[in-house]
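Novice: One structure follows; several queries about it will come next.
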Amino acid sequence: MSRLSSTYDLGLETGAELSRASVPTQRGQDPHRVTAEQVDRARLAVARSATGAEDCRVLLDMLGLIDGEDGVPPVRR
């Protein structure tokens, strides 16, 4: 059994839709929309890499990860 066929079979068993290149398609309404979970994970990654609180704030602001006045970060608009 080739690697592709085993990956394809796994996709059928788990409900994931796989292309010929065996890359799962993104689930959800809009594949280009950033989810709240992705924003949270990005914030944590930035915080881990920052050298201090001010550095963290600047980086989060640059990346659009700080909530705006409407409570939604720019990266999610």
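Scheme for the structure tokens: letters A, B, ... for chains in order shown; per-chain residue numbers from 1; ligand numbers from 1 in order shown.
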If you count only C-alpha atoms, which residues fall within 7 Å of range 37-47 of chain A, apart from same-chain ones fewer than 2 positions away, as a PDB file with N, CA and C atoms, in the first residue's frame?
Specialist:
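What follows is the written file out_29.pdb:
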ATOM      1  N   VAL A  34      -9.447  34.483   9.834  1.00  0.00           N
ATOM      2  CA  VAL A  34      -8.642  34.085  10.989  1.00  0.00           C
ATOM      3  C   VAL A  34      -9.598  33.787  12.142  1.00  0.00           C
ATOM      4  N   THR A  35      -9.437  32.637  12.770  1.00  0.00           N
ATOM      5  CA  THR A  35     -10.321  32.250  13.865  1.00  0.00           C
ATOM      6  C   THR A  35      -9.833  32.851  15.186  1.00  0.00           C
ATOM      7  N   SER A  49       7.999  35.127  22.672  1.00  0.00           N
ATOM      8  CA  SER A  49       9.191  35.611  21.966  1.00  0.00           C
ATOM      9  C   SER A  49       9.591  37.027  22.352  1.00  0.00           C
ATOM     10  N   ALA A  50       8.693  37.764  22.975  1.00  0.00           N
ATOM     11  CA  ALA A  50       8.971  39.166  23.318  1.00  0.00           C
ATOM     12  C   ALA A  50      10.011  39.260  24.427  1.00  0.00           C
ATOM     13  N   CYS A  56       6.270  43.214  23.724  1.00  0.00           N
ATOM     14  CA  CYS A  56       5.106  42.383  23.437  1.00  0.00           C
ATOM     15  C   CYS A  56       3.954  43.240  22.908  1.00  0.00           C
ATOM     16  N   LEU A  60       2.359  42.891  19.178  1.00  0.00           N
ATOM     17  CA  LEU A  60       0.942  42.555  19.027  1.00  0.00           C
ATOM     18  C   LEU A  60       0.214  43.619  18.217  1.00  0.00           C
ATOM     19  N   LEU A  65      -3.083  42.174  16.493  1.00  0.00           N
ATOM     20  CA  LEU A  65      -3.600  41.190  17.439  1.00  0.00           C
ATOM     21  C   LEU A  65      -4.177  41.800  18.712  1.00  0.00           C
TER      22      LEU A  65
END
Novice: What separation in Å, quoted to one decimal, exists between CA of Asp61 in chain A and CA of Pro74 in chain A?
Specialist: 9.3 Å
